[in-house]
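K.L.:
Input file: run13.pdb. Contents: PDB, C-alpha atoms.
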ATOM      1  CA  MET A   3     150.570  60.687  76.448
ATOM      2  CA  VAL A   4     147.118  60.084  77.894
ATOM      3  CA  LEU A   5     144.537  58.888  75.364
ATOM      4  CA  PRO A   6     140.979  60.301  75.358
ATOM      5  CA  SER A   7     138.754  59.150  78.144
ATOM      6  CA  SER A   8     136.446  57.352  75.669
ATOM      7  CA  ASN A   9     139.156  54.707  75.260
ATOM      8  CA  LEU A  10     139.381  54.062  78.967
ATOM      9  CA  ARG A  11     138.329  50.694  80.191
ATOM     10  CA  ALA A  12     137.303  50.710  83.854
ATOM     11  CA  THR A  13     136.819  47.816  86.189
ATOM     12  CA  SER A  14     134.862  47.844  89.462
ATOM     13  CA  SER A  15     137.947  48.866  91.375
ATOM     14  CA  MET A  16     140.378  50.513  88.923
ATOM     15  CA  ALA A  17     140.529  52.514  85.658
ATOM     16  CA  TYR A  18     143.751  52.907  83.707
ATOM     17  CA  PRO A  19     144.949  56.079  81.994
ATOM     18  CA  VAL A  20     145.658  54.190  78.753
ATOM     19  CA  SER A  21     143.415  52.047  76.604
ATOM     20  CA  LEU A  22     143.887  48.345  77.187
ATOM     21  CA  SER A  23     142.731  47.619  73.662
ATOM     22  CA  SER A  24     145.463  49.868  72.272
ATOM     23  CA  LEU A  25     148.011  47.808  74.153
ATOM     24  CA  HIS A  26     146.761  44.678  72.359
ATOM     25  CA  HIS A  27     147.190  46.242  68.906
ATOM     26  CA  HIS A  28     150.562  47.793  69.645
ATOM     27  CA  PRO A  29     152.757  45.097  71.134
ATOM     28  CA  ASN A  30     155.883  47.053  70.234
ATOM     29  CA  ASN A  31     154.813  50.132  72.095
ATOM     30  CA  HIS A  32     157.608  50.819  74.592
ATOM     31  CA  HIS A  33     155.215  52.677  76.892
ATOM     32  CA  ALA A  34     152.903  49.703  77.285
ATOM     33  CA  CYS A  35     152.489  48.737  80.947
ATOM     34  CA  PHE A  36     151.281  45.170  80.282
ATOM     35  CA  PRO A  37     152.444  42.514  77.770
ATOM     36  CA  PRO A  38     150.148  41.809  74.820
ATOM     37  CA  SER A  39     147.922  38.772  74.934
ATOM     38  CA  LYS A  40     148.947  35.792  72.801
ATOM     39  CA  ALA A  41     146.941  35.003  69.686
ATOM     40  CA  ASN A  42     144.665  31.932  69.445
ATOM     41  CA  HIS A  43     144.640  29.533  66.485
ATOM     42  CA  ASP A  44     141.776  31.499  64.954
ATOM     43  CA  ASN A  45     143.989  34.613  64.945
ATOM     44  CA  THR A  46     141.914  36.335  67.621
ATOM     45  CA  HIS A  47     142.989  37.845  70.896
ATOM     46  CA  LYS A  48     141.904  36.700  74.330
ATOM     47  CA  PRO A  49     140.553  39.502  76.479
ATOM     48  CA  MET A  50     143.038  40.572  79.104
ATOM     49  CA  GLU A  51     141.853  40.542  82.704
ATOM     50  CA  SER A  52     142.553  43.699  84.646
ATOM     51  CA  PRO A  53     144.909  42.989  87.527
ATOM     52  CA  LYS A  54     143.566  43.510  91.002
ATOM     53  CA  ILE A  55     145.590  46.134  92.792
ATOM     54  CA  SER A  56     145.484  46.346  96.561
ATOM     55  CA  ARG A  57     144.370  49.577  98.175
ATOM     56  CA  ARG A  58     147.742  50.135  99.798
ATOM     57  CA  SER A  59     149.576  49.940  96.457
ATOM     58  CA  LEU A  60     147.891  53.149  95.369
ATOM     59  CA  ILE A  61     150.821  55.048  96.816
ATOM     60  CA  PHE A  62     153.054  53.590  94.115
ATOM     61  CA  LEU A  63     150.826  54.633  91.215
ATOM     62  CA  PRO A  64     151.892  57.641  89.139
ATOM     63  CA  VAL A  65     149.901  60.818  89.562
ATOM     64  CA  PRO A  66     148.119  60.554  86.157
ATOM     65  CA  SER A  67     146.813  57.124  87.148
ATOM     66  CA  LEU A  68     145.315  58.501  90.340
ATOM     67  CA  LEU A  69     143.445  61.087  88.318
ATOM     68  CA  TYR A  70     141.521  58.311  86.596
ATOM     69  CA  THR A  71     140.878  56.193  89.676
ATOM     70  CA  SER A  72     137.210  55.363  89.955
ATOM     71  CA  SER A  73     135.239  56.709  92.921
ATOM     72  CA  SER A  74     134.262  53.198  93.979
ATOM     73  CA  PHE A  75     137.887  52.591  94.890
ATOM     74  CA  ALA A  76     137.836  55.256  97.595
ATOM     75  CA  LEU A  77     134.658  53.787  99.114
ATOM     76  CA  ASP A  78     136.027  50.260  99.236
ATOM     77  CA  ASP A  79     136.976  50.439 102.928
ATOM     78  CA  ALA A  80     134.432  48.278 104.702
ATOM     79  CA  ASN A  81     136.059  48.929 108.060
ATOM     80  CA  ILE A  82     134.802  52.533 108.213
ATOM     81  CA  PRO A  83     131.081  52.516 109.099
ATOM     82  CA  SER A  84     128.766  55.064 107.570
ATOM     83  CA  THR A  85     127.088  57.318 110.105
ATOM     84  CA  SER A  86     123.795  56.647 108.346
ATOM     85  CA  THR A  87     123.984  52.990 109.383
ATOM     86  CA  ILE A  88     124.660  53.696 113.072
ATOM     87  CA  ASP A  89     121.631  53.310 115.311
ATOM     88  CA  THR A  90     121.168  56.710 116.953
ATOM     89  CA  THR A  91     117.639  56.031 118.153
ATOM     90  CA  ILE A  92     116.723  58.247 121.112
ATOM     91  CA  THR A  93     115.853  55.883 123.952
ATOM     92  CA  ASP A  94     115.969  58.287 126.917
ATOM     93  CA  ARG A  95     115.366  61.995 127.514
ATOM     94  CA  ILE A  96     117.306  63.754 130.263
ATOM     95  CA  PHE A  97     116.872  67.350 131.413
ATOM     96  CA  MET A  98     119.415  69.658 133.044
ATOM     97  CA  ASP A  99     118.679  73.102 134.414
ATOM     98  CA  PHE A 100     121.670  75.454 134.268
ATOM     99  CA  SER A 101     122.041  78.483 136.538
ATOM    100  CA  VAL A 102     124.568  81.085 137.679
ATOM    101  CA  CYS A 103     125.486  81.659 141.347
ATOM    102  CA  PRO A 104     126.687  85.293 141.727
ATOM    103  CA  SER A 105     127.522  84.874 145.422
ATOM    104  CA  TYR A 106     129.843  81.900 144.942
ATOM    105  CA  PHE A 107     133.026  83.999 145.250
ATOM    106  CA  ARG A 108     131.744  86.379 147.888
ATOM    107  CA  SER A 109     133.563  86.475 151.211
ATOM    108  CA  ASP A 110     130.336  86.124 153.202
ATOM    109  CA  ARG A 111     129.390  82.871 151.465
ATOM    110  CA  THR A 112     128.673  80.098 153.949
ATOM    111  CA  LEU A 113     131.686  77.830 154.257
ATOM    112  CA  GLY A 114     131.014  74.413 152.773
ATOM    113  CA  ALA A 115     127.664  75.395 151.252
ATOM    114  CA  GLU A 116     126.808  73.404 148.144
ATOM    115  CA  LEU A 117     126.065  75.126 144.875
ATOM    116  CA  ALA A 118     122.655  73.492 144.791
ATOM    117  CA  THR A 119     121.634  75.732 147.710
ATOM    118  CA  CYS A 120     122.848  78.986 146.130
ATOM    119  CA  PRO A 121     120.633  81.723 147.673
ATOM    120  CA  ASP A 122     120.727  84.118 144.698
ATOM    121  CA  SER A 123     120.659  81.667 141.811
ATOM    122  CA  GLU A 124     119.998  83.115 138.346
ATOM    123  CA  PRO A 125     118.459  80.517 135.987
ATOM    124  CA  LEU A 126     119.856  80.242 132.475
ATOM    125  CA  GLY A 127     117.335  77.698 131.251
ATOM    126  CA  ARG A 128     116.676  74.005 130.685
ATOM    127  CA  VAL A 129     118.480  71.695 128.259
ATOM    128  CA  ILE A 130     116.953  68.390 127.178
ATOM    129  CA  PHE A 131     119.333  65.685 125.985
ATOM    130  CA  GLY A 132     118.405  62.652 123.900
ATOM    131  CA  LEU A 133     120.505  59.566 124.619
ATOM    132  CA  TYR A 134     121.536  56.796 122.196
ATOM    133  CA  GLY A 135     120.663  53.868 124.437
ATOM    134  CA  ARG A 136     120.737  51.208 121.726
ATOM    135  CA  LEU A 137     124.178  52.161 120.505
ATOM    136  CA  LEU A 138     125.776  52.764 123.923
ATOM    137  CA  PRO A 139     123.677  51.137 126.654
ATOM    138  CA  LEU A 140     126.345  51.246 129.394
ATOM    139  CA  THR A 141     127.341  54.887 128.931
ATOM    140  CA  THR A 142     123.696  55.881 128.685
ATOM    141  CA  ALA A 143     122.735  53.903 131.795
ATOM    142  CA  ASN A 144     125.447  55.513 133.918
ATOM    143  CA  PHE A 145     124.618  59.028 132.757
ATOM    144  CA  LYS A 146     120.917  58.480 133.409
ATOM    145  CA  THR A 147     121.647  57.057 136.881
ATOM    146  CA  ALA A 148     123.785  60.077 137.768
ATOM    147  CA  CYS A 149     120.980  62.395 136.667
ATOM    148  CA  THR A 150     118.068  60.595 138.327
ATOM    149  CA  SER A 151     120.006  60.230 141.602
ATOM    150  CA  ALA A 152     120.713  63.989 141.587
ATOM    151  CA  ALA A 153     124.476  63.366 141.603
ATOM    152  CA  TYR A 154     124.901  66.095 138.990
ATOM    153  CA  ARG A 155     122.833  68.577 140.974
ATOM    154  CA  GLY A 156     125.134  71.369 142.120
ATOM    155  CA  THR A 157     127.853  70.364 139.648
ATOM    156  CA  LEU A 158     130.070  73.127 138.316
ATOM    157  CA  VAL A 159     130.738  73.791 134.635
ATOM    158  CA  HIS A 160     134.468  73.917 135.293
ATOM    159  CA  LYS A 161     135.897  74.341 131.784
ATOM    160  CA  LEU A 162     134.767  76.303 128.752
ATOM    161  CA  LEU A 163     136.636  76.536 125.468
ATOM    162  CA  GLN A 164     134.815  79.266 123.621
ATOM    163  CA  GLY A 165     133.679  78.291 120.175
ATOM    164  CA  GLN A 166     134.206  74.597 120.955
ATOM    165  CA  PHE A 167     132.728  72.940 124.086
ATOM    166  CA  PHE A 168     132.204  73.072 127.840
ATOM    167  CA  VAL A 169     132.895  70.383 130.447
ATOM    168  CA  ALA A 170     131.047  69.472 133.660
ATOM    169  CA  GLY A 171     131.030  66.605 136.131
ATOM    170  CA  ARG A 172     134.556  66.766 137.548
ATOM    171  CA  GLN A 173     134.776  64.081 140.192
ATOM    172  CA  GLY A 174     135.819  64.707 143.784
ATOM    173  CA  PRO A 175     134.660  64.902 147.421
ATOM    174  CA  ARG A 176     134.108  68.680 147.544
ATOM    175  CA  ARG A 177     130.463  69.311 146.825
ATOM    176  CA  ASP A 178     130.967  72.931 147.867
ATOM    177  CA  ARG A 179     133.333  73.252 144.896
ATOM    178  CA  GLY A 180     130.855  71.740 142.481
ATOM    179  CA  GLU A 181     132.512  68.321 142.274
ATOM    180  CA  VAL A 182     130.606  65.091 141.670
ATOM    181  CA  GLN A 183     130.393  62.052 143.894
ATOM    182  CA  PRO A 184     129.318  59.119 141.678
ATOM    183  CA  PRO A 185     126.172  57.432 142.982
ATOM    184  CA  MET A 186     125.736  53.776 143.808
ATOM    185  CA  GLY A 187     124.539  51.540 141.011
ATOM    186  CA  LEU A 188     126.888  52.608 138.247
ATOM    187  CA  VAL A 189     128.046  49.752 136.038
ATOM    188  CA  ARG A 190     131.579  49.075 134.857
ATOM    189  CA  ASN A 191     131.702  50.852 131.512
ATOM    190  CA  ALA A 192     133.443  48.467 129.125
ATOM    191  CA  GLU A 193     132.453  50.734 126.224
ATOM    192  CA  SER A 194     135.306  53.093 127.111
ATOM    193  CA  ILE A 195     137.753  50.550 125.623
ATOM    194  CA  ASP A 196     135.529  49.376 122.771
ATOM    195  CA  PRO A 197     136.533  50.881 119.376
ATOM    196  CA  LYS A 198     132.913  50.672 118.210
ATOM    197  CA  ALA A 199     131.937  53.203 120.870
ATOM    198  CA  PHE A 200     133.926  55.932 119.099
ATOM    199  CA  GLN A 201     132.113  55.785 115.746
ATOM    200  CA  LEU A 202     130.141  59.015 116.108
ATOM    201  CA  ARG A 203     131.851  62.353 115.626
ATOM    202  CA  HIS A 204     131.557  65.779 117.225
ATOM    203  CA  ALA A 205     130.244  67.181 113.975
ATOM    204  CA  ARG A 206     127.704  69.740 115.188
ATOM    205  CA  PRO A 207     126.801  71.933 118.157
ATOM    206  CA  GLY A 208     124.887  70.232 120.942
ATOM    207  CA  THR A 209     126.807  66.945 120.827
ATOM    208  CA  LEU A 210     126.918  65.184 124.204
ATOM    209  CA  SER A 211     129.872  62.919 124.932
ATOM    210  CA  LEU A 212     131.635  61.170 127.799
ATOM    211  CA  CYS A 213     135.001  62.762 128.594
ATOM    212  CA  LEU A 214     137.951  60.443 128.160
ATOM    213  CA  GLY A 215     140.650  62.379 126.327
ATOM    214  CA  GLN A 216     139.545  65.688 127.921
ATOM    215  CA  ASN A 217     138.927  64.251 131.397
ATOM    216  CA  ASP A 218     140.066  66.527 134.241
ATOM    217  CA  ASP A 219     139.748  64.122 137.178
ATOM    218  CA  ASP A 220     142.839  63.946 139.374
ATOM    219  CA  ASP A 221     145.131  60.966 138.951
ATOM    220  CA  ASP A 222     144.485  59.714 142.465
ATOM    221  CA  VAL A 223     140.761  59.655 141.678
ATOM    222  CA  LYS A 224     141.275  57.748 138.436
ATOM    223  CA  LEU A 225     143.510  55.160 140.130
ATOM    224  CA  ASN A 226     140.756  54.191 142.528
ATOM    225  CA  PRO A 227     139.723  50.595 141.679
ATOM    226  CA  ASN A 228     136.067  51.632 142.007
ATOM    227  CA  TYR A 229     136.457  54.625 139.695
ATOM    228  CA  HIS A 230     133.487  55.455 137.442
ATOM    229  CA  ASN A 231     133.877  58.260 134.934
ATOM    230  CA  VAL A 232     130.963  60.716 135.063
ATOM    231  CA  GLU A 233     132.563  63.762 133.433
ATOM    232  CA  PHE A 234     130.884  64.883 130.208
ATOM    233  CA  LEU A 235     131.176  67.615 127.602
ATOM    234  CA  VAL A 236     128.777  69.417 125.277
ATOM    235  CA  THR A 237     129.899  71.043 122.036
ATOM    236  CA  THR A 238     128.782  74.660 121.700
ATOM    237  CA  GLY A 239     129.542  75.385 118.046
ATOM    238  CA  PRO A 240     129.503  77.158 115.759
ATOM    239  CA  GLY A 241     131.587  74.533 113.962
ATOM    240  CA  PRO A 242     132.549  70.890 114.501
ATOM    241  CA  CYS A 243     135.247  69.757 116.943
ATOM    242  CA  PRO A 244     137.263  67.102 115.070
ATOM    243  CA  GLU A 245     139.990  67.183 117.735
ATOM    244  CA  LEU A 246     137.526  65.455 120.092
ATOM    245  CA  ASP A 247     136.812  62.585 117.695
ATOM    246  CA  GLY A 248     138.204  59.200 118.646
ATOM    247  CA  GLN A 249     138.961  60.368 122.188
ATOM    248  CA  ASN A 250     135.509  60.824 123.702
ATOM    249  CA  ILE A 251     132.320  58.761 123.403
ATOM    250  CA  VAL A 252     129.406  60.565 121.734
ATOM    251  CA  PHE A 253     126.249  59.166 123.324
ATOM    252  CA  GLY A 254     123.598  61.862 122.916
ATOM    253  CA  THR A 255     122.511  65.205 121.513
ATOM    254  CA  VAL A 256     120.658  68.343 122.565
ATOM    255  CA  LEU A 257     116.975  68.090 121.679
ATOM    256  CA  GLU A 258     115.852  71.368 123.241
ATOM    257  CA  GLY A 259     117.616  74.317 124.852
ATOM    258  CA  MET A 260     120.381  75.036 122.373
ATOM    259  CA  ASP A 261     119.929  78.702 123.247
ATOM    260  CA  VAL A 262     121.028  77.851 126.805
ATOM    261  CA  ILE A 263     124.155  76.137 125.456
ATOM    262  CA  THR A 264     124.898  79.221 123.367
ATOM    263  CA  SER A 265     124.482  81.558 126.326
ATOM    264  CA  ILE A 266     126.932  79.471 128.376
ATOM    265  CA  ALA A 267     129.394  79.587 125.486
ATOM    266  CA  THR A 268     129.452  83.411 125.549
ATOM    267  CA  ILE A 269     130.609  83.645 129.194
ATOM    268  CA  PRO A 270     134.185  85.019 129.500
ATOM    269  CA  THR A 271     136.853  82.634 130.745
ATOM    270  CA  TYR A 272     140.162  82.911 132.565
ATOM    271  CA  LYS A 273     143.061  83.190 130.134
ATOM    272  CA  PRO A 274     146.560  83.228 131.677
ATOM    273  CA  ALA A 275     149.175  85.578 130.311
ATOM    274  CA  GLU A 276     151.876  84.223 128.039
ATOM    275  CA  ARG A 277     154.482  84.610 130.791
ATOM    276  CA  ILE A 278     152.375  82.497 133.176
ATOM    277  CA  ARG A 279     151.940  79.816 130.522
ATOM    278  CA  PHE A 280     155.706  79.719 129.998
ATOM    279  CA  PHE A 281     156.465  79.240 133.703
ATOM    280  CA  ASN A 282     153.714  76.645 133.987
ATOM    281  CA  ASP A 283     155.147  74.631 131.097
ATOM    282  CA  PHE A 284     158.583  74.804 132.692
ATOM    283  CA  ALA A 285     157.221  73.721 136.095
ATOM    284  CA  GLN A 286     155.411  70.791 134.512
ATOM    285  CA  LEU A 287     158.590  69.826 132.660
ATOM    286  CA  ILE A 288     160.569  69.525 135.903
ATOM    287  CA  GLY A 289     157.745  67.603 137.585
ATOM    288  CA  ASP A 290     156.271  70.284 139.832
ATOM    289  CA  GLU A 291     152.800  69.025 140.819
ATOM    290  CA  ARG A 292     151.588  72.587 141.363
ATOM    291  CA  ALA A 293     151.713  73.143 137.613
ATOM    292  CA  GLN A 294     148.789  70.803 137.001
ATOM    293  CA  THR A 295     146.817  72.404 139.838
ATOM    294  CA  ALA A 296     147.351  75.837 138.344
ATOM    295  CA  ARG A 297     146.470  74.609 134.870
ATOM    296  CA  ALA A 298     143.085  73.423 136.159
ATOM    297  CA  LEU A 299     142.070  77.080 136.493
ATOM    298  CA  TRP A 300     142.671  77.804 132.816
ATOM    299  CA  ASP A 301     139.563  78.229 130.640
ATOM    300  CA  ARG A 302     137.353  78.364 133.733
ATOM    301  CA  PRO A 303     134.228  80.517 133.260
ATOM    302  CA  LEU A 304     134.406  83.811 135.131
ATOM    303  CA  LYS A 305     130.781  83.243 136.164
ATOM    304  CA  THR A 306     129.811  80.298 138.352
ATOM    305  CA  VAL A 307     127.683  78.193 135.987
ATOM    306  CA  TYR A 308     126.290  75.036 137.558
ATOM    307  CA  ILE A 309     123.597  72.379 137.156
ATOM    308  CA  SER A 310     120.793  73.454 139.493
ATOM    309  CA  ASP A 311     118.567  70.467 138.767
ATOM    310  CA  CYS A 312     118.479  67.323 136.598
ATOM    311  CA  GLY A 313     116.408  64.230 136.004
ATOM    312  CA  GLU A 314     114.668  62.033 133.446
ATOM    313  CA  LEU A 315     111.711  62.986 131.301
ATOM    314  CA  LYS A 316     109.249  60.164 130.808
ATOM    315  CA  ASN A 317     107.710  59.821 127.375
TER     316      ASN A 317
END
Could I get this structure in the form of structure tokens?

P.N.:
Amino acid sequence: MVLPSSNLRATSSMAYPVSLSSLHHHPNNHHACFPPSKANHDNTHKPMESPKISRRSLIFLPVPSLLYTSSSFALDDANIPSTSTIDTTITDRIFMDFSVCPSYFRSDRTLGAELATCPDSEPLGRVIFGLYGRLLPLTTANFKTACTSAAYRGTLVHKLLQGQFFVAGRQGPRRDRGEVQPPMGLVRNAESIDPKAFQLRHARPGTLSLCLGQNDDDDDVKLNPNYHNVEFLVTTGPGPCPELDGQNIVFGTVLEGMDVITSIATIPTYKPAERIRFFNDFAQLIGDERAQTARALWDRPLKTVYISDCGELKN
């Protein structure tokens, strides 16, 4: 039987579903969880100290006890930083102009022509990103270098998961296919293996992050000893993307141009039929390398969206 809450005696880390004082006055109570304190010579009772219970031992507590656990117990994990204490100061402002190239798939397109020279480009608009340079100086520096050196110019938005995010910056030698060639001057990004770099979450639309878990670069590109990851993603909303958390490094946010992000998110994408997905899964299971090549076409926008220009905005 649980006594009224007025008899509860709470400590800074735990509250018990029975009154501790009632346990002192009823030493013969068979339901008492703790032995009664021994009497002093002056026939008084010493106050009983509440035992300190480790956080992990909560799993062994009965359900009624958990109902009376104080809220301070759940916040006692000092290893999980609060997002309000993370320094997300905007140190740099980067712009990207997004456009559509209608003639990209036409048969009369000049062989080997880069997307940056698309003759019938249709502008979608400009997006301005704010970067968290204090929190992630290496990731920010590499992204800014790729933008200011025009390495992202002519880069294809090669993947779009509607209602979630889009990806750009796939690395490779084919500029005519919208691939990126990393510029000189990129630093070795040790933040990609630093747990502190994964503190921020993909909690809202317009989140900019470095692709690690969702990276589409070919294995032979990644195995290059001079490999520098320049692939990035931007969440499009409307909701958060918790499946991206802990896998990709959030290092910036959209400051202006969210309408451009939304317009990109509405573009139809290639969705393979269920039969094709089945055969692709089977081919990948038996080690057919063509399966991965075919899978790279999935979720590709049916319009050729690319970065027509990029650079840094000086304050």

K.L.:
What is the distance between atom CA of A:Pro185 and atom CA of A:Leu315, in Å to one decimal?

P.N.:
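About the pair atom CA of A:Pro185 and atom CA of A:Leu315: they are 19.4 Å apart.
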
K.L.:
Any idea what the distance is between atom CA of A:Lys224 and atom CA of A:Pro184?

P.N.:
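Separating atom CA of A:Lys224 from atom CA of A:Pro184 is a distance of 12.5 Å.
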
K.L.:
For A:Gly187, work out the shell of residues within 12 Å, counting only C-alpha atoms and skipping chain neighbours fewer than 6 positions away, then give it as a PyMOL selection string.

P.N.:
chain A and resi 140+143-148+150-151+153+228+230

K.L.:
Kindly indicate which residue among A:Glu193, A:Asp89, A:Asp94, A:Glu276 lies nearest to A:Gly132, using all atoms listed in the file for the distances.

P.N.:
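Once distances to A:Gly132 are computed over all atoms listed in the file, the minimum belongs to A:Asp94.
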
K.L.:
Figure out the distance between atom CA of A:Pro125 and atom CA of A:Thr112, please, to one decimal in Å.

P.N.:
20.7 Å

K.L.:
Can you give me, as a PyMOL selection string, the residues this file yields under the PyMOL selection byres ((chain A and resi 159) around 12)?

P.N.:
chain A and resi 100-103+117+154-158+160-163+167-173+179-182+218+233-236+263+266-267+269+271+299+301-310

K.L.:
Nearest to A:Arg136 among A:Pro207, A:Ile88, A:Phe200, A:Glu314, with distances taken over all atoms listed in the file: which residue is it?

P.N.:
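Of the candidates, the smallest distance to A:Arg136 is held by A:Ile88.
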
K.L.:
With distances taken over all atoms listed in the file, which residue among A:Leu188, A:Pro104, A:Pro139, A:Glu258 lies nearest A:Pro121?

P.N.:
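The closest residue to A:Pro121 is A:Pro104.
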
K.L.:
List the residues selected by the PyMOL selection byres ((chain A and resi 93) around 9) in the file shown, writing them as a list in words.

P.N.:
Thr90, Thr91, Ile92, Asp94, Arg95, Gly132, Leu133, Tyr134, Gly135 and Arg136 of chain A

K.L.:
Between A:Asp178, A:Glu116, A:Asp247, A:Asp261, which residue has the minimum interatomic distance to A:Leu212, considering only C-alpha atoms?

P.N.:
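The shortest atom-to-atom distance to A:Leu212 comes from A:Asp247.
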
K.L.:
Calculated over only C-alpha atoms, which of the candidates A:Met98, A:Leu202, A:Cys213, A:Val232 has the smallest distance to A:Leu137?

P.N.:
A:Leu202

K.L.:
Report as a count of residues only the full result of the PyMOL selection byres ((chain A and resi 240-245) around 10) when it is applied to this structure.

P.N.:
21
